[in-house]
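S.K.: Sharing start_9.txt, compact mmCIF, C-alpha atoms and all ligand atoms:
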```
# COMPACT_ATOMS: atom_id res chain seq x y z
CA VAL A 1039 0.00 0.00 0.00
CA SER A 1040 1.48 3.32 -1.00
CA GLU A 1041 1.94 6.44 1.05
CA LEU A 1042 -0.16 8.19 -1.56
CA GLN A 1043 -3.16 5.93 -1.15
CA GLY A 1044 -6.27 7.63 0.18
CA ARG A 1045 -4.78 11.12 -0.19
CA SER A 1046 -6.43 14.17 -1.73
CA TYR A 1047 -4.62 16.55 -4.10
CA LEU A 1048 -5.99 20.05 -3.60
CA ALA A 1049 -2.88 22.19 -4.04
CA ASP A 1050 0.63 21.48 -5.28
CA LYS A 1051 2.15 21.53 -1.81
CA ASP A 1052 -0.11 18.62 -0.68
CA PHE A 1053 2.34 16.13 -2.21
CA THR A 1054 6.06 16.10 -1.43
CA PRO A 1055 8.57 16.89 -4.20
CA ALA A 1056 9.50 13.17 -4.31
CA GLU A 1057 5.83 12.25 -4.73
CA VAL A 1058 5.30 14.75 -7.56
CA GLN A 1059 8.47 13.45 -9.23
CA TYR A 1060 7.16 9.90 -8.80
CA LEU A 1061 3.82 10.81 -10.43
CA VAL A 1062 5.60 12.40 -13.40
CA ASP A 1063 7.58 9.19 -13.95
CA PHE A 1064 4.58 6.94 -13.33
CA ALA A 1065 2.62 8.99 -15.90
CA LEU A 1066 5.40 8.46 -18.46
CA HIS A 1067 5.22 4.72 -17.74
CA LEU A 1068 1.42 4.66 -18.14
CA LYS A 1069 1.74 6.53 -21.45
CA HIS A 1070 4.13 3.80 -22.61
CA LEU A 1071 1.57 1.10 -21.64
CA LYS A 1072 -1.29 2.96 -23.35
CA LYS A 1073 0.66 3.37 -26.61
CA ARG A 1074 1.28 -0.40 -26.67
CA ASN A 1075 -2.30 -1.32 -25.72
CA ILE A 1076 -1.10 -2.99 -22.52
CA PRO A 1077 -4.01 -3.08 -20.04
CA HIS A 1078 -3.64 -1.29 -16.70
CA TYR A 1079 -6.86 -1.83 -14.78
CA TYR A 1080 -5.64 -0.51 -11.43
CA LEU A 1081 -9.08 0.85 -10.47
CA GLU A 1082 -11.39 -1.97 -11.47
CA GLY A 1083 -14.82 -1.63 -9.87
CA LYS A 1084 -14.24 1.93 -8.58
CA ASN A 1085 -16.65 4.81 -9.14
CA ILE A 1086 -15.36 8.32 -9.80
CA ALA A 1087 -17.46 11.52 -9.55
CA LEU A 1088 -16.50 14.44 -11.79
CA LEU A 1089 -17.91 17.73 -10.51
CA PHE A 1090 -17.57 20.78 -12.75
CA GLU A 1091 -18.78 24.25 -11.75
CA LYS A 1092 -16.79 25.69 -14.68
CA THR A 1093 -16.52 24.40 -18.25
CA SER A 1094 -13.70 22.10 -19.34
CA THR A 1095 -12.45 20.21 -22.38
CA ARG A 1096 -9.13 18.71 -21.29
CA THR A 1097 -9.68 18.05 -17.61
CA ARG A 1098 -13.09 16.49 -18.14
CA SER A 1099 -11.89 14.35 -21.05
CA ALA A 1100 -8.71 13.34 -19.23
CA PHE A 1101 -10.51 12.21 -16.07
CA THR A 1102 -13.16 10.38 -18.10
CA THR A 1103 -10.82 8.45 -20.40
CA ALA A 1104 -8.27 7.85 -17.64
CA ALA A 1105 -10.93 6.38 -15.36
CA ILE A 1106 -12.21 4.07 -18.12
CA ASP A 1107 -8.69 2.92 -19.05
CA LEU A 1108 -8.11 2.10 -15.37
CA GLY A 1109 -11.30 0.02 -15.27
CA ALA A 1110 -13.28 2.56 -13.21
CA HIS A 1111 -16.63 4.20 -13.92
CA PRO A 1112 -16.61 8.02 -14.27
CA GLU A 1113 -19.79 10.02 -13.73
CA PHE A 1114 -19.88 13.62 -14.98
CA MET A 1115 -21.91 16.15 -12.97
CA GLY A 1116 -22.00 19.64 -14.47
CA ALA A 1117 -23.00 22.88 -12.79
CA GLY A 1118 -26.68 22.49 -13.59
CA ASP A 1119 -26.91 18.76 -12.94
CA ILE A 1120 -26.89 18.31 -9.18
CA GLN A 1121 -28.28 20.10 -6.12
CA LEU A 1122 -24.89 21.58 -5.15
CA GLY A 1123 -24.79 25.35 -5.28
CA LYS A 1124 -28.58 25.71 -5.28
CA LYS A 1125 -30.39 23.48 -2.81
CA GLU A 1126 -27.60 21.68 -0.97
CA SER A 1127 -24.43 22.58 0.91
CA ILE A 1128 -20.95 21.36 0.03
CA GLU A 1129 -20.80 19.46 3.34
CA ASP A 1130 -23.97 17.47 2.65
CA THR A 1131 -23.03 16.88 -0.99
CA ALA A 1132 -19.60 15.61 0.10
CA LYS A 1133 -21.12 13.15 2.57
CA VAL A 1134 -23.53 11.75 -0.03
CA LEU A 1135 -21.01 11.49 -2.88
CA GLY A 1136 -18.36 10.09 -0.56
CA SER A 1137 -20.71 7.27 0.45
CA MET A 1138 -21.15 6.15 -3.16
CA PHE A 1139 -18.02 7.19 -5.03
CA ASP A 1140 -14.42 6.11 -4.39
CA GLY A 1141 -12.89 9.38 -5.57
CA ILE A 1142 -14.15 12.85 -6.47
CA GLU A 1143 -12.76 15.41 -8.92
CA PHE A 1144 -13.89 18.99 -8.36
CA ARG A 1145 -13.44 22.05 -10.60
CA GLY A 1146 -14.76 25.26 -9.14
CA PHE A 1147 -14.27 28.88 -8.24
CA ALA A 1148 -13.33 29.28 -4.56
CA HIS A 1149 -10.47 27.12 -3.34
CA LYS A 1150 -12.10 26.79 0.08
CA ASP A 1151 -14.94 24.86 -1.60
CA VAL A 1152 -12.65 22.05 -2.75
CA GLU A 1153 -11.13 22.01 0.75
CA GLU A 1154 -14.56 21.69 2.31
CA LEU A 1155 -15.48 18.91 -0.08
CA ALA A 1156 -12.32 17.01 0.86
CA LYS A 1157 -12.96 17.58 4.58
CA TYR A 1158 -16.33 15.83 4.50
CA ALA A 1159 -16.12 13.36 1.60
CA GLY A 1160 -14.03 10.69 3.32
CA VAL A 1161 -12.55 9.69 -0.06
CA PRO A 1162 -9.75 11.29 -2.12
CA VAL A 1163 -10.70 14.62 -3.71
CA TRP A 1164 -8.69 15.93 -6.66
CA ASN A 1165 -8.68 19.60 -7.57
CA GLY A 1166 -9.44 19.92 -11.30
CA LEU A 1167 -8.81 23.71 -11.07
CA THR A 1168 -9.86 26.45 -8.70
CA ASP A 1169 -9.23 30.18 -8.91
CA GLU A 1170 -6.00 29.62 -6.95
CA TRP A 1171 -4.42 26.33 -8.05
CA HIS A 1172 -4.36 23.83 -10.94
CA PRO A 1173 -2.30 20.97 -9.48
CA THR A 1174 -3.22 18.11 -11.86
CA GLN A 1175 -2.04 20.29 -14.76
CA MET A 1176 1.43 20.35 -13.18
CA ILE A 1177 2.03 16.63 -13.47
CA ALA A 1178 1.21 16.80 -17.19
CA ASP A 1179 3.30 19.92 -17.68
CA PHE A 1180 6.47 18.66 -16.04
CA MET A 1181 5.93 15.27 -17.70
CA THR A 1182 5.92 17.14 -21.04
CA VAL A 1183 9.07 19.05 -20.11
CA LYS A 1184 10.79 15.81 -19.08
CA GLU A 1185 9.76 14.10 -22.31
CA ASN A 1186 11.37 16.91 -24.27
CA PHE A 1187 14.58 17.42 -22.31
CA GLY A 1188 15.09 14.05 -20.59
CA HIS A 1189 15.41 15.73 -17.18
CA LEU A 1190 13.97 18.59 -15.12
CA LYS A 1191 16.54 19.93 -12.67
CA GLY A 1192 18.36 23.03 -13.85
CA LEU A 1193 15.98 23.87 -16.71
CA THR A 1194 14.36 27.31 -16.78
CA LEU A 1195 10.65 27.88 -17.40
CA THR A 1196 9.26 31.39 -17.88
CA PHE A 1197 5.55 31.91 -17.29
CA VAL A 1198 4.44 35.03 -19.16
CA GLY A 1199 1.12 36.76 -18.48
CA ASP A 1200 -1.20 36.98 -15.49
CA GLY A 1201 1.28 36.20 -12.72
CA ARG A 1202 -1.48 35.95 -10.12
CA ASN A 1203 -3.64 33.27 -11.72
CA ASN A 1204 -3.98 29.58 -10.90
CA MET A 1205 -1.41 28.53 -13.51
CA ALA A 1206 1.23 31.00 -12.35
CA ASN A 1207 0.72 29.92 -8.73
CA SER A 1208 0.95 26.22 -9.51
CA LEU A 1209 3.93 26.52 -11.88
CA LEU A 1210 5.84 28.60 -9.35
CA VAL A 1211 5.34 26.09 -6.53
CA ALA A 1212 5.55 22.83 -8.53
CA GLY A 1213 8.58 24.05 -10.52
CA ALA A 1214 10.35 25.03 -7.30
CA MET A 1215 9.60 21.57 -5.87
CA LEU A 1216 11.15 19.84 -8.89
CA GLY A 1217 14.27 21.99 -9.16
CA VAL A 1218 13.13 23.85 -12.29
CA ASN A 1219 14.06 27.55 -12.28
CA ILE A 1220 10.82 29.50 -12.57
CA HIS A 1221 10.57 33.03 -13.93
CA ILE A 1222 7.27 34.86 -13.60
CA LEU A 1223 7.26 37.58 -16.25
CA ALA A 1224 4.33 39.93 -15.69
CA PRO A 1225 3.56 43.62 -15.20
CA LYS A 1226 4.02 44.66 -11.55
CA GLU A 1227 0.24 44.82 -11.02
CA LEU A 1228 0.03 41.10 -11.77
CA HIS A 1229 2.97 39.80 -9.77
CA PRO A 1230 2.24 36.74 -7.60
CA ALA A 1231 0.96 37.16 -4.04
CA GLN A 1232 3.65 37.09 -1.38
CA ASP A 1233 2.25 33.99 0.36
CA VAL A 1234 2.55 32.01 -2.89
CA VAL A 1235 6.13 33.23 -3.40
CA ASN A 1236 6.93 32.21 0.19
CA ILE A 1237 5.64 28.65 -0.35
CA ALA A 1238 7.65 28.38 -3.57
CA GLN A 1239 10.82 29.86 -2.05
CA LYS A 1240 10.80 27.29 0.73
CA PHE A 1241 10.78 24.47 -1.83
CA ALA A 1242 13.33 26.27 -4.00
CA ASN A 1243 15.74 26.46 -1.05
CA GLU A 1244 15.60 22.65 -0.85
CA SER A 1245 15.70 21.86 -4.59
CA GLY A 1246 18.16 24.54 -5.70
CA ALA A 1247 15.65 26.08 -8.13
CA LYS A 1248 16.09 29.80 -8.77
CA LEU A 1249 12.98 31.96 -8.75
CA LEU A 1250 12.67 35.29 -10.52
CA ILE A 1251 9.66 37.59 -10.47
CA THR A 1252 10.10 40.44 -12.96
CA ASP A 1253 8.32 42.83 -15.30
CA ASP A 1254 11.41 43.12 -17.52
CA ILE A 1255 10.92 41.07 -20.69
CA ASP A 1256 14.62 40.72 -21.57
CA GLU A 1257 15.53 39.60 -18.06
CA GLY A 1258 12.47 37.34 -17.76
CA VAL A 1259 13.01 35.28 -20.91
CA LYS A 1260 16.82 35.18 -21.00
CA GLY A 1261 18.15 31.63 -20.94
CA SER A 1262 14.69 30.09 -20.80
CA ASN A 1263 14.02 26.57 -22.08
CA VAL A 1264 10.24 26.81 -21.81
CA ILE A 1265 8.14 29.85 -22.64
CA TYR A 1266 4.75 29.23 -21.07
CA THR A 1267 1.64 31.37 -21.25
CA ASP A 1268 -2.06 31.23 -20.40
CA VAL A 1269 -5.19 33.28 -21.11
CA TRP A 1270 -5.14 36.89 -19.94
CA VAL A 1271 -8.61 36.63 -18.43
CA SER A 1272 -9.35 33.43 -16.52
CA MET A 1273 -12.70 31.72 -16.08
CA GLY A 1274 -14.85 33.73 -13.70
CA GLU A 1275 -13.12 37.04 -14.57
CA THR A 1276 -14.40 39.75 -16.93
CA ASN A 1277 -11.78 42.52 -16.70
CA TRP A 1278 -10.75 42.56 -20.36
CA GLU A 1279 -9.95 46.29 -20.52
CA GLU A 1280 -7.43 46.13 -17.70
CA ARG A 1281 -5.83 42.90 -18.87
CA VAL A 1282 -5.47 43.81 -22.55
CA LYS A 1283 -3.86 47.09 -21.55
CA LEU A 1284 -1.48 45.51 -19.07
CA LEU A 1285 -0.60 42.37 -21.00
CA THR A 1286 -0.38 43.37 -24.67
CA PRO A 1287 3.38 44.11 -24.27
CA TYR A 1288 3.77 40.59 -22.84
CA GLN A 1289 2.30 38.72 -25.81
CA VAL A 1290 4.38 35.64 -26.69
CA ASN A 1291 5.61 36.18 -30.26
CA MET A 1292 8.67 35.17 -32.30
CA ASP A 1293 10.57 38.23 -31.04
CA MET A 1294 10.12 37.05 -27.49
CA MET A 1295 11.15 33.48 -28.39
CA LYS A 1296 14.36 34.89 -29.99
CA LYS A 1297 15.06 37.03 -26.93
CA THR A 1298 15.63 33.87 -24.86
CA GLY A 1299 18.96 33.43 -26.67
CA THR A 1300 18.38 29.68 -26.21
CA PRO A 1301 19.39 27.31 -29.06
CA ASP A 1302 16.35 26.07 -31.00
CA ASP A 1303 16.72 22.47 -29.87
CA GLN A 1304 16.66 23.57 -26.22
CA LEU A 1305 13.57 25.75 -26.42
CA ILE A 1306 9.85 24.91 -26.39
CA PHE A 1307 6.55 26.77 -26.08
CA MET A 1308 3.77 25.53 -23.79
CA HIS A 1309 0.20 26.59 -22.98
CA CYS A 1310 -2.27 24.81 -20.70
CA LEU A 1311 -5.05 25.66 -23.20
CA PRO A 1312 -7.62 26.85 -24.14
CA ALA A 1313 -5.71 29.58 -26.00
CA PHE A 1314 -6.66 32.77 -27.82
CA HIS A 1315 -4.04 32.72 -30.57
CA ASP A 1316 -6.21 33.93 -33.42
CA THR A 1317 -9.73 35.19 -33.99
CA LYS A 1318 -11.25 31.88 -35.02
CA THR A 1319 -13.11 31.29 -31.76
CA SER A 1320 -16.26 33.38 -31.39
CA TYR A 1321 -15.02 34.50 -27.98
CA GLY A 1322 -11.78 35.69 -29.51
CA GLN A 1323 -13.57 37.51 -32.33
CA ASP A 1324 -15.72 39.57 -29.98
CA VAL A 1325 -12.80 40.61 -27.84
CA ALA A 1326 -10.49 41.25 -30.75
CA LYS A 1327 -13.03 43.48 -32.47
CA LYS A 1328 -13.60 45.49 -29.32
CA TYR A 1329 -9.92 46.13 -28.70
CA GLY A 1330 -8.64 46.19 -32.25
CA ILE A 1331 -6.29 43.24 -31.79
CA THR A 1332 -6.16 39.96 -33.67
CA GLU A 1333 -4.07 37.81 -31.33
CA MET A 1334 -3.83 37.77 -27.57
CA GLU A 1335 -1.47 35.88 -25.25
CA VAL A 1336 0.35 34.09 -28.09
CA THR A 1337 0.64 34.73 -31.81
CA ASP A 1338 -0.64 32.13 -34.22
CA GLU A 1339 2.91 31.96 -35.61
CA VAL A 1340 4.36 30.73 -32.30
CA PHE A 1341 1.33 28.51 -31.62
CA ARG A 1342 1.92 26.67 -34.90
CA SER A 1343 5.73 26.78 -34.77
CA LYS A 1344 8.34 24.07 -34.25
CA TYR A 1345 8.59 25.18 -30.61
CA ALA A 1346 4.94 24.37 -29.82
CA ARG A 1347 4.20 21.48 -27.45
CA GLN A 1348 0.71 22.43 -26.20
CA PHE A 1349 -1.05 19.47 -27.80
CA GLU A 1350 1.41 16.90 -26.40
CA GLU A 1351 0.87 18.67 -23.08
CA ALA A 1352 -2.91 18.34 -23.48
CA GLU A 1353 -2.65 14.60 -24.21
CA ASN A 1354 -0.42 14.20 -21.17
CA ARG A 1355 -3.27 15.42 -18.96
CA MET A 1356 -4.82 11.99 -19.49
CA HIS A 1357 -1.71 9.96 -18.67
CA SER A 1358 -0.88 12.09 -15.64
CA ILE A 1359 -4.40 12.15 -14.19
CA LYS A 1360 -4.37 8.38 -14.62
CA ALA A 1361 -1.14 8.20 -12.60
CA MET A 1362 -2.59 10.38 -9.86
CA MET A 1363 -5.84 8.41 -9.59
CA ALA A 1364 -4.08 5.03 -9.67
CA ALA A 1365 -1.58 6.11 -7.01
CA THR A 1366 -4.15 7.58 -4.65
CA LEU A 1367 -6.88 4.94 -5.14
CA GLY A 1368 -5.28 1.78 -6.51
CA ASP A 1369 -3.70 -1.14 -4.64
CA LEU A 1370 -0.29 -0.42 -6.04
CA PHE A 1371 2.94 -1.05 -4.22
CA ILE A 1372 4.83 2.24 -4.24
CA PRO A 1373 8.04 2.31 -2.20
CA LYS A 1374 8.18 4.77 0.71
CA MET A 1375 9.46 8.17 -0.43
N1 LIG B 1401 -5.96 23.00 -19.31
C1 LIG B 1401 -7.22 22.77 -18.88
O1 LIG B 1401 -7.49 22.59 -17.69
O2 LIG B 1401 -8.16 22.74 -19.88
P1 LIG B 1401 -9.74 22.64 -19.68
O3 LIG B 1401 -10.17 23.94 -19.03
O4 LIG B 1401 -10.30 22.46 -21.05
O5 LIG B 1401 -10.03 21.49 -18.77
N1 LIG B 1402 -6.11 30.39 -15.97
C1 LIG B 1402 -7.05 29.64 -16.77
C2 LIG B 1402 -6.59 28.23 -16.87
C3 LIG B 1402 -7.47 27.34 -17.72
C4 LIG B 1402 -6.99 25.90 -17.76
C5 LIG B 1402 -8.43 29.75 -16.17
O1 LIG B 1402 -8.55 29.61 -14.95
O2 LIG B 1402 -9.37 30.00 -16.92
```
For the structure just supplied, provide its representation as structure tokens.

M.R.:
Amino acid sequence: VSELQGRSYLADKDFTPAEVQYLVDFALHLKHLKKRNIPHYYLEGKNIALLFEKTSTRTRSAFTTAAIDLGAHPEFMGAGDIQLGKKESIEDTAKVLGSMFDGIEFRGFAHKDVEELAKYAGVPVWNGLTDEWHPTQMIADFMTVKENFGHLKGLTLTFVGDGRNNMANSLLVAGAMLGVNIHILAPKELHPAQDVVNIAQKFANESGAKLLITDDIDEGVKGSNVIYTDVWVSMGETNWEERVKLLTPYQVNMDMMKKTGTPDDQLIFMHCLPAFHDTKTSYGQDVAKKYGITEMEVTDEVFRSKYARQFEEAENRMHSIKAMMAATLGDLFIPKM
């Protein structure tokens, strides 16, 4: 029985650096099995609840397909489908779902809601994104980085954009845990909160990762191996005016990629997706028209370039969520870490 069994994953710091590293490697192993059609039914007979207060393509699909590949049954419950949020409290919902399901994924707004769910469910709860953290994304992201470079320690990842959002928070902490140097490149108004920096710095002191929070583009991207960005306005936010004004200078384009000074074979672009890289989505069209721009956080040129790894990253959500569910719910033997 593993040390991970029965545990929830609400924020990056809930697992130790060795455990996160283990999950990255386990995910790479499960990807290998999947590609060779080798069965891996570690969760046969289990039931998994998937609660989504916000929309999702990747996280929903990853949990669903991962659960089925592991032999479990996933049940999707969208915002309008259950009593939660209208007629029933989180505490009561957690007690009911926990009595029928073996594990619960929750995507929502307030982070305290996923904490409350975990407090009363009595089964592992996995955070599929809150306004503060996106921990399951981290296993896929560092798995993708490791696939590309063969290792993690000593690499440099620059997150460009809203330095206070869930992705920036999670990348800062998870990167620091794994010994990846993390640069947060954002205008001063969008620099990470001090408590998040403090959590990350503590891990960085142990792993040797170097952290840099800056609004200077040249300094922020110099020597980077991974240029990473995310939407300027996250789910639940509406402040387009402010964000477009603040973040237009921080758009990821070919100029920025060149400014890293990193050799082409040592440089990749990543994005958790969904992305606004052109005006093809109706959402993008409306916003672009209003502000007279055609591309937002990343240009279409970079998005479709040889540097781009966002679709490998998206696929890896499935392998990594599988690793996390199998490790926290399955009867696997995982050596003490
Ligand atoms: N990256 C990610 O979480 O995507 P979805 O919002 O589509 O799940
Ligand atoms: N910061 C984005 C991430 C989406 C996966 C959001 O919260 O909308």

S.K.: Any idea what the distance is between CA of Phe1180 in chain A and CA of Ala1365 in chain A?

M.R.: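 One can read the CA of Phe1180 in chain A to CA of Ala1365 in chain A distance as 17.4 Å.
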
S.K.: Could you please determine the separation between CA of Gly1166 in chain A and CA of Phe1101 in chain A in Å, to one decimal place?

M.R.: 9.1 Å

S.K.: Residues within 7 Å of ligand LIG 1401 (chain B) should be enumerated using only C-alpha atoms and all ligand atoms and returned as a list in words.

M.R.: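 With only C-alpha atoms and all ligand atoms and a cut-off of 7 Å, ligand LIG 1401 (chain B) is contacted by Thr1093, Ser1094, Thr1095, Arg1096, Thr1097, Arg1098, Leu1167, Gln1175, Cys1310, Leu1311, Pro1312 and Ala1352 of chain A.
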
S.K.: Give me the residues of chain A that have any atom at most 7 Å from an atom of ligand LIG 1402 (chain B); for each, the nearest atom pair and the distance in Å, rounded to one decimal. Use all atoms listed in the file, sort by chain and number, and format it as a Markdown table.

M.R.:
```
| residue | atom | partner | partner_atom | distance |
| --- | --- | --- | --- | --- |
| A:Asp1169 | CA | B:LIG1402 | O1 | 6.1 |
| A:Asn1203 | CA | B:LIG1402 | N1 | 5.7 |
| A:Asn1204 | CA | B:LIG1402 | N1 | 5.6 |
| A:Met1205 | CA | B:LIG1402 | N1 | 5.6 |
| A:Asp1268 | CA | B:LIG1402 | N1 | 6.1 |
| A:Val1269 | CA | B:LIG1402 | C1 | 6.0 |
| A:Val1271 | CA | B:LIG1402 | O2 | 6.8 |
| A:Ser1272 | CA | B:LIG1402 | O2 | 3.5 |
| A:Met1273 | CA | B:LIG1402 | O2 | 3.8 |
| A:Cys1310 | CA | B:LIG1402 | C4 | 5.7 |
| A:Leu1311 | CA | B:LIG1402 | C4 | 5.8 |
| A:Pro1312 | CA | B:LIG1402 | C3 | 6.4 |
```

S.K.: Name the residues in contact with range 1131-1143 of chain A at a cut-off of 10 Å, using all atoms listed in the file, excluding same-chain residues fewer than 4 positions from it; report them as a ChimeraX atom specification.

M.R.: /A:1044-1048,1081,1083-1090,1097-1098,1101,1110-1114,1120-1123,1126-1127,1152,1154-1167,1363,1366-1367

S.K.: For Met1295 in chain A, work out the shell of residues within 8 Å, counting all atoms listed in the file and skipping chain neighbours fewer than 5 positions away, then give it as a PDB file with C-alpha atoms, keeping the file's coordinate frame.

M.R.:
```
ATOM      1  CA  VAL A1259      13.010  35.280 -20.910  1.00  0.00           C
ATOM      2  CA  ILE A1265       8.140  29.850 -22.640  1.00  0.00           C
ATOM      3  CA  VAL A1290       4.380  35.640 -26.690  1.00  0.00           C
TER       4      VAL A1290
END
```

S.K.: Of the residues A:Arg1074, A:His1221, A:His1315, A:Arg1145, which is the one nearest to Gly1201 in chain A, using only C-alpha atoms?

M.R.: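 The answer is A:His1221, which sits nearest to Gly1201 in chain A.
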